[in-house]
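So this one's start.txt, compact mmCIF, C-alpha atoms:
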# COMPACT_ATOMS: atom_id res chain seq x y z
CA MET A 1 -23.50 -7.64 -8.70
CA GLY A 2 -21.26 -6.84 -5.78
CA LYS A 3 -18.27 -4.54 -5.78
CA VAL A 4 -14.73 -5.89 -5.52
CA ILE A 5 -12.35 -3.93 -3.31
CA VAL A 6 -8.65 -4.63 -3.02
CA VAL A 7 -6.91 -3.55 0.16
CA THR A 8 -3.27 -3.14 -0.77
CA SER A 9 -0.08 -1.26 0.13
CA GLY A 10 3.11 -2.79 -1.21
CA LYS A 11 4.79 -2.53 2.15
CA GLY A 12 4.06 -5.05 4.89
CA GLY A 13 2.84 -4.28 8.37
CA VAL A 14 1.02 -1.07 7.55
CA GLY A 15 -2.45 -2.41 8.38
CA LYS A 16 -3.90 -4.14 5.32
CA THR A 17 -5.36 -7.07 7.24
CA THR A 18 -6.56 -4.90 10.13
CA SER A 19 -8.22 -2.56 7.64
CA SER A 20 -9.72 -5.37 5.54
CA ALA A 21 -11.31 -6.86 8.66
CA ALA A 22 -12.47 -3.50 10.04
CA LEU A 23 -13.91 -2.18 6.76
CA GLY A 24 -15.55 -5.54 6.03
CA ALA A 25 -17.11 -5.69 9.48
CA ALA A 26 -18.20 -2.04 9.34
CA LEU A 27 -19.99 -2.60 6.02
CA ALA A 28 -21.60 -5.80 7.32
CA GLN A 29 -22.65 -4.14 10.59
CA ASN A 30 -24.73 -1.82 8.40
CA GLY A 31 -26.49 -4.82 6.87
CA ASP A 32 -24.51 -5.31 3.66
CA ARG A 33 -23.45 -8.81 2.68
CA VAL A 34 -19.67 -8.88 2.85
CA VAL A 35 -16.97 -11.46 2.22
CA VAL A 36 -13.34 -10.78 3.10
CA VAL A 37 -10.87 -12.88 1.11
CA ASP A 38 -7.33 -13.55 2.32
CA PHE A 39 -4.89 -13.64 -0.62
CA ASP A 40 -1.80 -14.13 1.51
CA VAL A 41 -1.20 -17.80 0.68
CA GLY A 42 1.35 -19.30 3.06
CA LEU A 43 1.12 -16.47 5.59
CA ARG A 44 -2.58 -16.20 6.31
CA ASN A 45 -3.61 -13.98 9.17
CA LEU A 46 -7.03 -12.61 8.40
CA ASP A 47 -8.58 -15.65 10.11
CA LEU A 48 -6.66 -14.82 13.27
CA VAL A 49 -7.49 -11.11 13.23
CA MET A 50 -11.17 -11.95 12.70
CA GLY A 51 -11.18 -14.62 15.40
CA ALA A 52 -11.99 -17.54 13.11
CA GLU A 53 -8.65 -19.35 13.20
CA ARG A 54 -10.08 -22.45 14.82
CA ARG A 55 -12.88 -22.81 12.31
CA VAL A 56 -10.84 -23.00 9.11
CA VAL A 57 -11.49 -26.26 7.27
CA TYR A 58 -11.09 -25.41 3.61
CA ASP A 59 -9.40 -22.45 1.99
CA LEU A 60 -9.08 -20.42 -1.21
CA VAL A 61 -6.58 -22.85 -2.74
CA ASN A 62 -8.84 -25.84 -2.01
CA VAL A 63 -11.64 -24.07 -3.88
CA ILE A 64 -9.39 -23.14 -6.81
CA GLN A 65 -8.10 -26.71 -7.06
CA GLY A 66 -11.64 -28.08 -6.96
CA GLU A 67 -11.12 -29.91 -3.66
CA ALA A 68 -13.88 -28.01 -1.90
CA LYS A 69 -16.96 -26.05 -2.87
CA LEU A 70 -16.96 -22.32 -2.30
CA THR A 71 -19.82 -22.63 0.19
CA GLN A 72 -17.79 -25.15 2.21
CA ALA A 73 -14.80 -22.85 2.47
CA LEU A 74 -16.70 -19.71 3.50
CA ILE A 75 -16.71 -19.07 7.25
CA ARG A 76 -19.60 -17.10 8.67
CA ASP A 77 -18.77 -14.60 11.39
CA LYS A 78 -20.31 -15.47 14.76
CA ARG A 79 -21.11 -11.88 15.64
CA VAL A 80 -22.31 -10.35 12.37
CA GLU A 81 -24.39 -12.70 10.28
CA THR A 82 -23.82 -10.98 6.94
CA LEU A 83 -20.01 -11.13 7.32
CA TYR A 84 -18.04 -14.01 5.79
CA LEU A 85 -14.38 -14.94 5.52
CA LEU A 86 -12.60 -16.92 2.85
CA PRO A 87 -9.24 -17.91 4.34
CA ALA A 88 -5.98 -18.38 2.49
CA SER A 89 -4.08 -21.64 2.54
CA GLN A 90 -1.37 -21.88 5.14
CA THR A 91 0.47 -24.92 3.80
CA ARG A 92 0.15 -24.72 0.03
CA ASP A 93 2.56 -22.95 -2.22
CA LYS A 94 1.36 -19.62 -3.54
CA ASP A 95 1.84 -20.91 -7.10
CA ASN A 96 -1.47 -22.70 -6.56
CA LEU A 97 -3.13 -19.33 -6.94
CA THR A 98 -3.92 -19.30 -10.66
CA PRO A 99 -5.36 -16.35 -12.58
CA GLU A 100 -8.19 -18.55 -13.92
CA GLY A 101 -8.99 -19.91 -10.48
CA VAL A 102 -9.06 -16.47 -8.88
CA GLU A 103 -11.28 -15.16 -11.67
CA LYS A 104 -13.78 -17.98 -11.10
CA VAL A 105 -13.88 -17.53 -7.32
CA VAL A 106 -14.16 -13.73 -7.41
CA GLY A 107 -16.84 -13.98 -10.10
CA ALA A 108 -18.91 -16.35 -7.97
CA LEU A 109 -18.47 -14.22 -4.83
CA LYS A 110 -19.57 -11.07 -6.68
CA LYS A 111 -22.90 -12.72 -7.43
CA ALA A 112 -23.56 -13.63 -3.80
CA PHE A 113 -22.22 -10.61 -1.92
CA ASP A 114 -22.53 -6.82 -1.99
CA TRP A 115 -18.83 -6.44 -1.24
CA VAL A 116 -15.87 -8.70 -1.97
CA ILE A 117 -12.89 -7.38 -0.03
CA CYS A 118 -9.55 -8.78 -1.19
CA ASP A 119 -6.87 -8.58 1.49
CA SER A 120 -3.63 -8.38 -0.50
CA PRO A 121 -0.30 -9.80 0.65
CA ALA A 122 2.63 -7.40 0.89
CA GLY A 123 4.96 -7.08 -2.08
CA ILE A 124 4.30 -6.84 -5.79
CA GLU A 125 4.44 -10.55 -6.66
CA ARG A 126 1.79 -12.95 -7.84
CA GLY A 127 -0.43 -12.85 -4.72
CA ALA A 128 -0.56 -9.06 -4.73
CA THR A 129 -1.19 -8.73 -8.46
CA LEU A 130 -3.90 -11.41 -8.37
CA ALA A 131 -5.58 -9.75 -5.39
CA MET A 132 -5.88 -6.49 -7.34
CA ARG A 133 -6.63 -8.08 -10.71
CA HIS A 134 -10.44 -7.99 -10.56
CA ALA A 135 -10.91 -4.97 -8.32
CA ASP A 136 -13.42 -2.20 -9.03
CA VAL A 137 -12.04 -0.09 -6.19
CA ALA A 138 -8.63 0.00 -4.51
CA VAL A 139 -7.95 1.01 -0.94
CA VAL A 140 -4.27 1.93 -0.62
CA VAL A 141 -3.20 1.59 3.01
CA THR A 142 -0.33 3.91 3.88
CA ASN A 143 1.55 4.91 7.02
CA PRO A 144 2.85 8.49 7.26
CA GLU A 145 6.40 7.24 6.81
CA VAL A 146 8.78 7.46 3.82
CA SER A 147 9.11 3.77 2.93
CA SER A 148 5.37 3.18 3.10
CA VAL A 149 4.61 6.22 0.92
CA ARG A 150 7.17 5.13 -1.66
CA ASP A 151 5.74 1.61 -1.84
CA SER A 152 2.20 2.97 -2.09
CA ASP A 153 3.29 5.04 -5.06
CA ARG A 154 4.60 1.87 -6.70
CA ILE A 155 1.35 0.02 -5.99
CA ILE A 156 -0.69 2.89 -7.46
CA GLY A 157 1.38 2.46 -10.64
CA LEU A 158 0.51 -1.25 -10.72
CA LEU A 159 -3.17 -0.55 -10.09
CA ASP A 160 -3.11 1.70 -13.15
CA SER A 161 -1.41 -0.87 -15.38
CA LYS A 162 -1.78 -4.46 -14.17
CA THR A 163 -5.49 -4.67 -13.34
CA LEU A 164 -8.30 -5.82 -15.59
CA LYS A 165 -9.83 -2.36 -15.40
CA ALA A 166 -6.59 -0.71 -16.51
CA GLU A 167 -6.13 -3.18 -19.35
CA ASN A 168 -9.64 -2.38 -20.57
CA GLY A 169 -8.75 1.30 -20.63
CA GLU A 170 -10.91 2.12 -17.62
CA ARG A 171 -9.85 4.21 -14.65
CA MET A 172 -9.20 2.37 -11.41
CA ASP A 173 -10.96 4.01 -8.48
CA LYS A 174 -8.22 4.46 -5.85
CA HIS A 175 -8.53 5.69 -2.28
CA LEU A 176 -5.96 6.46 0.35
CA LEU A 177 -6.42 5.06 3.84
CA LEU A 178 -3.85 6.68 6.11
CA THR A 179 -3.23 4.44 9.11
CA ARG A 180 -1.25 4.74 12.35
CA TYR A 181 -1.53 8.51 12.18
CA ASP A 182 -0.37 10.41 15.23
CA PRO A 183 -1.70 13.98 15.06
CA ALA A 184 0.51 15.19 17.91
CA ARG A 185 3.71 14.03 16.19
CA ALA A 186 2.54 15.43 12.86
CA GLU A 187 1.81 18.78 14.46
CA ARG A 188 5.26 18.76 16.04
CA GLY A 189 6.76 18.29 12.57
CA ASP A 190 8.10 14.82 13.20
CA MET A 191 5.59 12.92 11.09
CA LEU A 192 4.36 13.50 7.56
CA LYS A 193 1.07 15.34 7.66
CA VAL A 194 -2.11 14.21 5.94
CA ASP A 195 -1.72 16.94 3.33
CA ASP A 196 1.90 15.93 2.63
CA VAL A 197 0.91 12.34 1.86
CA LEU A 198 -2.11 13.44 -0.17
CA GLU A 199 0.00 15.81 -2.22
CA ILE A 200 2.66 13.20 -2.92
CA LEU A 201 0.33 10.32 -3.80
CA SER A 202 -2.48 12.48 -5.22
CA ILE A 203 -5.34 10.06 -4.74
CA PRO A 204 -8.50 10.95 -2.76
CA LEU A 205 -8.61 10.34 0.97
CA LEU A 206 -10.87 7.58 2.29
CA GLY A 207 -10.04 8.05 5.94
CA ILE A 208 -7.46 8.60 8.63
CA ILE A 209 -7.03 5.88 11.23
CA PRO A 210 -5.32 7.20 14.34
CA GLU A 211 -2.52 5.28 16.02
CA SER A 212 -4.31 3.56 18.87
CA MET A 213 -4.05 0.88 21.53
CA ASP A 214 -7.52 -0.26 20.51
CA VAL A 215 -6.25 -1.77 17.25
CA LEU A 216 -3.83 -4.12 19.00
CA ARG A 217 -6.37 -4.90 21.68
CA ALA A 218 -8.92 -5.88 19.03
CA SER A 219 -6.50 -8.20 17.24
CA ASN A 220 -5.51 -9.74 20.59
CA VAL A 221 -9.08 -10.91 21.12
CA GLY A 222 -9.72 -11.73 17.46
CA ALA A 223 -12.30 -9.10 16.62
CA PRO A 224 -12.30 -6.41 13.92
CA VAL A 225 -11.84 -3.12 15.76
CA THR A 226 -15.31 -1.97 14.69
CA LEU A 227 -16.72 -4.94 16.62
CA ALA A 228 -14.31 -4.96 19.56
CA ASP A 229 -15.07 -1.40 20.57
CA GLU A 230 -17.54 0.48 18.40
CA ARG A 231 -16.92 3.75 20.20
CA SER A 232 -13.13 3.78 19.95
CA ALA A 233 -11.43 6.37 17.74
CA PRO A 234 -10.14 3.85 15.14
CA ALA A 235 -13.56 2.15 14.98
CA ILE A 236 -15.30 5.47 14.32
CA ALA A 237 -12.73 6.26 11.63
CA TYR A 238 -13.33 2.87 9.96
CA PHE A 239 -17.14 3.29 10.13
CA ASP A 240 -16.77 6.67 8.42
CA ALA A 241 -14.45 5.21 5.78
CA ALA A 242 -17.01 2.46 5.11
CA ARG A 243 -19.71 5.08 4.59
CA ARG A 244 -17.47 6.90 2.12
CA LEU A 245 -16.93 3.63 0.26
CA LYS A 246 -20.70 3.47 -0.12
CA GLY A 247 -20.58 6.86 -1.79
CA GLU A 248 -21.49 9.15 1.10
CA ASN A 249 -19.82 12.54 0.96
CA LEU A 250 -18.58 12.75 4.51
CA PRO A 251 -15.89 15.31 5.42
CA VAL A 252 -12.69 13.70 6.74
CA THR A 253 -11.61 14.81 10.18
CA VAL A 254 -8.12 14.38 11.53
CA PRO A 255 -8.49 12.30 14.68
CA GLY A 256 -7.54 13.95 17.92
CA GLU A 257 -7.46 17.46 16.56
CA LYS A 258 -9.66 20.16 17.99
CA ARG A 259 -12.49 21.68 16.03
CA GLY A 260 -12.01 25.24 14.90
CA PHE A 261 -8.33 25.36 15.62
CA PHE A 262 -7.59 23.29 12.56
CA GLY A 263 -10.47 24.62 10.57
CA LYS A 264 -8.74 24.06 7.27
CA ILE A 265 -8.41 20.35 7.83
CA PHE A 266 -11.86 20.02 9.29
CA GLY A 267 -13.37 21.51 6.18
CA ARG A 268 -11.71 19.04 3.82
CA LYS A 269 -14.13 17.04 1.73
CA ALA A 270 -13.70 13.39 0.98
CA ALA A 271 -13.56 12.60 -2.69
CA MET B 272 14.34 18.92 29.70
CA ASN B 273 12.10 17.26 27.15
CA PHE B 274 10.60 20.64 26.43
CA LEU B 275 14.02 22.13 25.66
CA ARG B 276 14.90 19.24 23.39
CA LEU B 277 11.80 19.92 21.34
CA PHE B 278 13.06 23.37 20.52
CA SER B 279 16.63 22.43 19.83
CA ARG B 280 15.82 19.61 17.43
CA PRO B 281 14.80 20.57 13.88
CA GLN B 282 11.61 19.11 12.42
CA SER B 283 12.13 15.97 10.36
CA ALA B 284 8.84 15.78 8.44
CA PRO B 285 9.79 18.48 5.88
CA ALA B 286 12.91 16.45 5.00
CA ALA B 287 10.81 13.32 4.54
CA ARG B 288 8.43 15.21 2.31
CA GLU B 289 11.15 16.69 0.12
CA ARG B 290 13.10 13.45 -0.23
CA LEU B 291 9.96 11.60 -1.24
CA GLN B 292 8.97 14.20 -3.80
CA VAL B 293 12.34 14.04 -5.54
CA LEU B 294 12.61 10.26 -5.37
CA LEU B 295 9.11 9.60 -6.66
CA ALA B 296 9.46 12.09 -9.50
CA HIS B 297 12.38 9.98 -10.72
CA GLU B 298 10.79 6.61 -10.05
CA ARG B 299 7.62 7.58 -11.88
CA ALA B 300 9.61 8.74 -14.90
CA ALA B 301 11.71 5.58 -14.88
CA THR B 302 8.90 3.07 -15.41
CA GLY B 303 9.89 0.37 -17.87
CA ASP B 304 13.60 0.66 -17.21
CA SER B 305 14.10 3.86 -19.14
CA ASP B 306 15.97 5.92 -16.58
CA LEU B 307 17.74 8.42 -18.83
CA VAL B 308 20.66 9.10 -16.52
CA THR B 309 21.45 5.40 -16.13
CA LYS B 310 21.28 4.93 -19.88
CA LEU B 311 23.57 7.87 -20.51
CA ARG B 312 26.10 6.51 -18.02
CA ASP B 313 26.19 3.10 -19.70
CA GLU B 314 26.46 4.52 -23.21
CA ILE B 315 29.13 7.06 -22.36
CA LEU B 316 31.28 4.36 -20.79
CA ARG B 317 30.74 2.11 -23.80
CA VAL B 318 31.84 4.82 -26.24
CA ILE B 319 34.96 5.60 -24.27
CA SER B 320 35.96 1.99 -23.90
CA LYS B 321 35.93 1.71 -27.70
CA HIS B 322 38.93 4.00 -27.88
CA MET B 323 40.85 3.10 -24.80
CA GLN B 324 41.18 0.56 -22.08
CA ILE B 325 39.30 1.81 -19.08
CA ASP B 326 40.54 0.78 -15.71
CA ASP B 327 37.39 0.29 -13.67
CA GLU B 328 39.23 1.47 -10.59
CA LYS B 329 40.02 4.77 -12.27
CA VAL B 330 36.48 5.61 -13.27
CA SER B 331 34.20 7.48 -10.97
CA VAL B 332 30.58 7.96 -11.91
CA LYS B 333 28.47 10.18 -9.72
CA MET B 334 24.79 10.80 -10.10
CA GLU B 335 22.81 13.41 -8.29
CA ARG B 336 19.08 13.29 -8.72
CA GLY B 337 17.59 16.69 -8.06
CA ALA B 338 14.07 18.05 -8.16
CA GLN B 339 14.54 20.11 -11.30
CA VAL B 340 17.76 18.78 -12.84
CA SER B 341 19.94 15.74 -12.40
CA THR B 342 23.66 15.79 -12.89
CA LEU B 343 25.89 13.03 -14.14
CA ALA B 344 29.60 13.41 -13.51
CA VAL B 345 31.92 10.93 -15.19
CA ASP B 346 35.52 11.25 -14.11
CA ILE B 347 37.97 9.07 -16.02
CA GLU B 348 41.70 9.00 -15.62
CA ILE B 349 43.38 8.74 -19.01
CA PRO B 350 47.00 7.52 -18.88
CA PHE B 351 49.49 8.61 -21.58
CA ASP B 352 49.63 5.20 -23.12
CA ALA B 353 45.90 4.53 -23.07
CA SER B 354 45.54 4.14 -26.84
CA LYS B 355 48.59 1.85 -27.10
CA LYS B 356 47.23 -0.47 -24.45
CA LYS B 357 44.02 -0.78 -26.40
CA LYS B 358 45.85 -1.80 -29.57
CA ALA B 359 48.00 -4.24 -27.69
CA ALA B 360 45.00 -5.88 -26.07
Would you write the structure of this file as structure tokens?
Amino acid sequence: MGKVIVVTSGKGGVGKTTSSAALGAALAQNGDRVVVVDFDVGLRNLDLVMGAERRVVYDLVNVIQGEAKLTQALIRDKRVETLYLLPASQTRDKDNLTPEGVEKVVGALKKAFDWVICDSPAGIERGATLAMRHADVAVVVTNPEVSSVRDSDRIIGLLDSKTLKAENGERMDKHLLLTRYDPARAERGDMLKVDDVLEILSIPLLGIIPESMDVLRASNVGAPVTLADERSAPAIAYFDAARRLKGENLPVTVPGEKRGFFGKIFGRKAA
Amino acid sequence: MNFLRLFSRPQSAPAARERLQVLLAHERAATGDSDLVTKLRDEILRVISKHMQIDDEKVSVKMERGAQVSTLAVDIEIPFDASKKKKAA
């Protein structure tokens, strides 16, 4: 049985879709079978970020409504053969996303893939709660900025109350993915530091993705950043985060900071 | 020039950190619509309006959410004939 990951944040524009695509691709590049599911019905974008926008025929809502088979709706990545995408509907109303339908689709995907990555829409409405409903693991994407941190705190509360795991009295495994981090600004005291965000949200750190031109460049050409430029700083950070998701105990480094000088940070262990 | 500005401008991250800590402490406690200070405000005003007509314009309610304690200040102007008005109404 595969693991279900929800990539969520509450706030929009912090990097959920970018991170879903990059983490999914990174896991698949290591040979795992991965499907990334877009839950943003009406405002789909994962197809675009992954460069599959012209190949969408059927979508999640078609499958839920019984108009298409799951295998017909899945789009195989052209670059990584173990990477698949299940797009969201662009035209349908998001009310077509039913709890029963989502349960059926996620259940079927779990049997066929090692990882089912659910790319959540922004907000705390139906799409977001359904995306997190069946998750085993949550990746909370946060920018080092007050409104993003506040919304992440809210989402963490929902993960601990509105998910199947929470309702069964189990603990939801939550990880913080800090994106758009600028170490120079943080060091200057004009951006929340990694430790500030960790202390406030108190969930373990999955990775720090540095603010980088490479992320925009990758989305421009329709490739997850781990595929667009494997050696770029954000790609390396996503590869490391993917390894931590697989259970590796890899210390988290703050991108762009020198070794030794920030020894304290360098020595931090990922949870 | 830029260099000088760096020194003259205070850091903003500590403010962000502190504001978040206070705000989230309150938001976490207030899950399920049970914010104590808000409840107190509503009930206090209800009790007072039982005994006199309150002019909404003459009531000032101020809340200050702090890290350790919150304060609720209710300032109500009571006219001489407040009780009479109530009976008349």
Which of A:Pro144, A:Pro99, A:Pro224, A:Gly31 sits closest to Glu211 (chain A) [using only C-alpha atoms]:
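Of the candidates, the smallest distance to Glu211 (chain A) is held by A:Pro144.
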From the set A:Asp38, A:Asp95, A:Asp59, A:Glu145, which residue has the shortest atom-to-atom contact distance to Asp196 (chain A), counting only C-alpha atoms?
A:Glu145
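What separates CA of Ala88 (chain A) from CA of Asp229 (chain A) is a distance of 26.4 Å.
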Hey, can you check how far CA of Gly15 (chain A) sits from CA of Ala296 (chain B)?
25.9 Å
Report, in Å to a single decimal, how far apart CA of Glu230 (chain A) and CA of Ile75 (chain A) are.
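According to the coordinates, CA of Ile75 (chain A) and CA of Glu230 (chain A) are separated by 22.5 Å.
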With only C-alpha atoms as the counted atoms, please give the residues lying no more than 7 Å from Ala131 (chain A), apart from itself and same-chain residues fewer than 4 positions off, as a ChimeraX atom specification.
/A:6,39,118,120,127
Which residues of chain B have any atom within 9 Å of an atom in chain A when counting all atoms listed in the file, and what is the closest pair of atoms for each, with the distance in Å to one decimal? Order the rows by chain and rising number and write it as a Markdown table.
| residue | atom | partner | partner_atom | distance |
| --- | --- | --- | --- | --- |
| B:Leu277 | CA | A:Arg188 | CA | 8.5 |
| B:Pro281 | CA | A:Gly189 | CA | 8.5 |
| B:Gln282 | CA | A:Gly189 | CA | 4.9 |
| B:Ser283 | CA | A:Asp190 | CA | 5.1 |
| B:Ala284 | CA | A:Asp190 | CA | 4.9 |
| B:Pro285 | CA | A:Gly189 | CA | 7.3 |
| B:Ala287 | CA | A:Val146 | CA | 6.2 |
| B:Arg288 | CA | A:Asp196 | CA | 6.6 |
| B:Arg290 | CA | A:Val146 | CA | 8.4 |
| B:Leu291 | CA | A:Val146 | CA | 6.6 |
| B:Gln292 | CA | A:Ile200 | CA | 6.4 |
| B:Leu294 | CA | A:Arg150 | CA | 8.3 |
| B:Leu295 | CA | A:Arg150 | CA | 7.0 |
| B:Glu298 | CA | A:Arg154 | CA | 8.5 |
| B:Arg299 | CA | A:Gly157 | CA | 8.2 |
| B:Thr302 | CA | A:Gly157 | CA | 8.9 |
Contacts of Ser19 (chain A) at 12 Å (only C-alpha atoms; same-chain gap of 5+ positions) as number ranges by chain
A: 5-9, 13-14, 24-27, 36, 46, 49-50, 117-120, 139-142, 176-180, 206-209, 215, 218-219, 223-226, 234-235, 237-239, 241-242
For the point (-6.3, -8.3, -15.7) in file coordinates, what residues are within 6 Å, counting all atoms listed in the file? Give the answer as a PDB file with C-alpha atoms, keeping the file's coordinate frame?
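Output file part-v1.pdb is given in full below:
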ATOM      1  CA  ARG A 133      -6.630  -8.080 -10.710  1.00  0.00           C
ATOM      2  CA  THR A 163      -5.490  -4.670 -13.340  1.00  0.00           C
ATOM      3  CA  LEU A 164      -8.300  -5.820 -15.590  1.00  0.00           C
TER       4      LEU A 164
END
Name all residues at most 8 Å from Lys333 (chain B) (count all atoms listed in the file; drop same-chain ones fewer than 3 positions away) and give them as a list in words.
Leu343, Ala344 and Val345 of chain B
Export C-alpha atoms of the chosen residues as an mmCIF file, in the coordinates of the input?
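Saved the output as part29.cif:
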data_model
loop_
_atom_site.group_PDB
_atom_site.id
_atom_site.type_symbol
_atom_site.label_atom_id
_atom_site.label_comp_id
_atom_site.auth_asym_id
_atom_site.auth_seq_id
_atom_site.Cartn_x
_atom_site.Cartn_y
_atom_site.Cartn_z
ATOM 1 C CA LEU B 343 25.890 13.030 -14.140
ATOM 2 C CA ALA B 344 29.600 13.410 -13.510
ATOM 3 C CA VAL B 345 31.920 10.930 -15.190
#
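Closest approach to Asn249 (chain A) from the set A:Ile156, A:Lys94, A:Ala28, A:Leu205 is made by A:Leu205, with distances taken over all atoms listed in the file.
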Shell around Gly337 (chain B) at 9 Å using all atoms listed in the file, local window under 2 positions removed, as a list in words
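Here the answer would be Val293, Leu294, His297, Glu335, Gln339, Val340, Ser341 and Thr342 of chain B.
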Generate the output file for the selected residues, C-alpha atoms, as an mmCIF file, keeping the file's coordinate frame.
data_model
loop_
_atom_site.group_PDB
_atom_site.id
_atom_site.type_symbol
_atom_site.label_atom_id
_atom_site.label_comp_id
_atom_site.auth_asym_id
_atom_site.auth_seq_id
_atom_site.Cartn_x
_atom_site.Cartn_y
_atom_site.Cartn_z
ATOM 1 C CA VAL B 293 12.340 14.040 -5.540
ATOM 2 C CA LEU B 294 12.610 10.260 -5.370
ATOM 3 C CA HIS B 297 12.380 9.980 -10.720
ATOM 4 C CA GLU B 335 22.810 13.410 -8.290
ATOM 5 C CA GLN B 339 14.540 20.110 -11.300
ATOM 6 C CA VAL B 340 17.760 18.780 -12.840
ATOM 7 C CA SER B 341 19.940 15.740 -12.400
ATOM 8 C CA THR B 342 23.660 15.790 -12.890
#
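Proximity to Met172 (chain A) was assessed for A:Ala138, A:Leu85, A:Val194, A:Ile203 counting all atoms listed in the file; the smallest distance is recorded for A:Ala138.
Using only C-alpha atoms, the shortest contact distance between Leu158 (chain A) and any of A:Val61, A:Leu130, A:Ala73, A:Ala184 is found at A:Leu130.
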Got a sec to check which residues sit within 8 Å of (-12.9, 7.5, -2.7), counting only C-alpha atoms, and write them as a list in words?
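Residues lying no farther than 8 Å from the given point: Asp173, Lys174, His175, Leu176, Pro204, Leu205, Leu206, Arg244, Leu245, Gly247, Ala270 and Ala271 of chain A.
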Please export region 77-94 of chain A as a PDB file, in the first residue's frame, restricted to N, CA and C atoms.
ATOM      1  N   ASP A  77       4.177  11.042 -17.085  1.00  0.00           N
ATOM      2  CA  ASP A  77       5.188  12.048 -17.396  1.00  0.00           C
ATOM      3  C   ASP A  77       6.077  11.568 -18.535  1.00  0.00           C
ATOM      4  N   LYS A  78       6.465  12.463 -19.405  1.00  0.00           N
ATOM      5  CA  LYS A  78       7.274  12.078 -20.572  1.00  0.00           C
ATOM      6  C   LYS A  78       8.745  11.891 -20.222  1.00  0.00           C
ATOM      7  N   ARG A  79       9.158  12.445 -19.095  1.00  0.00           N
ATOM      8  CA  ARG A  79      10.568  12.389 -18.742  1.00  0.00           C
ATOM      9  C   ARG A  79      10.869  11.285 -17.729  1.00  0.00           C
ATOM     10  N   VAL A  80       9.968  11.129 -16.738  1.00  0.00           N
ATOM     11  CA  VAL A  80      10.180  10.118 -15.708  1.00  0.00           C
ATOM     12  C   VAL A  80       9.043   9.113 -15.812  1.00  0.00           C
ATOM     13  N   GLU A  81       9.366   7.873 -16.106  1.00  0.00           N
ATOM     14  CA  GLU A  81       8.272   6.949 -16.436  1.00  0.00           C
ATOM     15  C   GLU A  81       7.475   6.455 -15.238  1.00  0.00           C
ATOM     16  N   THR A  82       7.966   6.672 -14.024  1.00  0.00           N
ATOM     17  CA  THR A  82       7.190   6.234 -12.858  1.00  0.00           C
ATOM     18  C   THR A  82       6.392   7.390 -12.247  1.00  0.00           C
ATOM     19  N   LEU A  83       6.349   8.522 -12.959  1.00  0.00           N
ATOM     20  CA  LEU A  83       5.643   9.709 -12.450  1.00  0.00           C
ATOM     21  C   LEU A  83       4.342   9.928 -13.223  1.00  0.00           C
ATOM     22  N   TYR A  84       3.241  10.047 -12.482  1.00  0.00           N
ATOM     23  CA  TYR A  84       1.935  10.256 -13.100  1.00  0.00           C
ATOM     24  C   TYR A  84       1.250  11.483 -12.504  1.00  0.00           C
ATOM     25  N   LEU A  85       0.318  12.020 -13.291  1.00  0.00           N
ATOM     26  CA  LEU A  85      -0.454  13.178 -12.844  1.00  0.00           C
ATOM     27  C   LEU A  85      -1.932  12.883 -13.005  1.00  0.00           C
ATOM     28  N   LEU A  86      -2.708  13.232 -11.987  1.00  0.00           N
ATOM     29  CA  LEU A  86      -4.164  13.188 -12.125  1.00  0.00           C
ATOM     30  C   LEU A  86      -4.658  14.633 -12.026  1.00  0.00           C
ATOM     31  N   PRO A  87      -5.050  15.218 -13.158  1.00  0.00           N
ATOM     32  CA  PRO A  87      -5.415  16.637 -13.153  1.00  0.00           C
ATOM     33  C   PRO A  87      -6.762  16.906 -12.507  1.00  0.00           C
ATOM     34  N   ALA A  88      -6.967  18.148 -12.110  1.00  0.00           N
ATOM     35  CA  ALA A  88      -8.266  18.577 -11.594  1.00  0.00           C
ATOM     36  C   ALA A  88      -9.110  19.043 -12.770  1.00  0.00           C
ATOM     37  N   SER A  89     -10.401  19.186 -12.534  1.00  0.00           N
ATOM     38  CA  SER A  89     -11.266  19.705 -13.581  1.00  0.00           C
ATOM     39  C   SER A  89     -11.149  21.218 -13.618  1.00  0.00           C
ATOM     40  N   GLN A  90     -11.177  21.771 -14.818  1.00  0.00           N
ATOM     41  CA  GLN A  90     -11.068  23.214 -14.934  1.00  0.00           C
ATOM     42  C   GLN A  90     -12.442  23.860 -15.047  1.00  0.00           C
ATOM     43  N   THR A  91     -13.414  23.119 -15.551  1.00  0.00           N
ATOM     44  CA  THR A  91     -14.720  23.702 -15.849  1.00  0.00           C
ATOM     45  C   THR A  91     -15.781  23.341 -14.838  1.00  0.00           C
ATOM     46  N   ARG A  92     -15.652  22.198 -14.185  1.00  0.00           N
ATOM     47  CA  ARG A  92     -16.688  21.756 -13.270  1.00  0.00           C
ATOM     48  C   ARG A  92     -16.666  22.559 -11.976  1.00  0.00           C
ATOM     49  N   ASP A  93     -17.791  22.524 -11.314  1.00  0.00           N
ATOM     50  CA  ASP A  93     -17.888  23.150 -10.009  1.00  0.00           C
ATOM     51  C   ASP A  93     -17.216  22.253  -8.980  1.00  0.00           C
ATOM     52  N   LYS A  94     -16.633  22.881  -7.950  1.00  0.00           N
ATOM     53  CA  LYS A  94     -15.905  22.065  -6.979  1.00  0.00           C
ATOM     54  C   LYS A  94     -16.831  21.222  -6.096  1.00  0.00           C
TER      55      LYS A  94
END
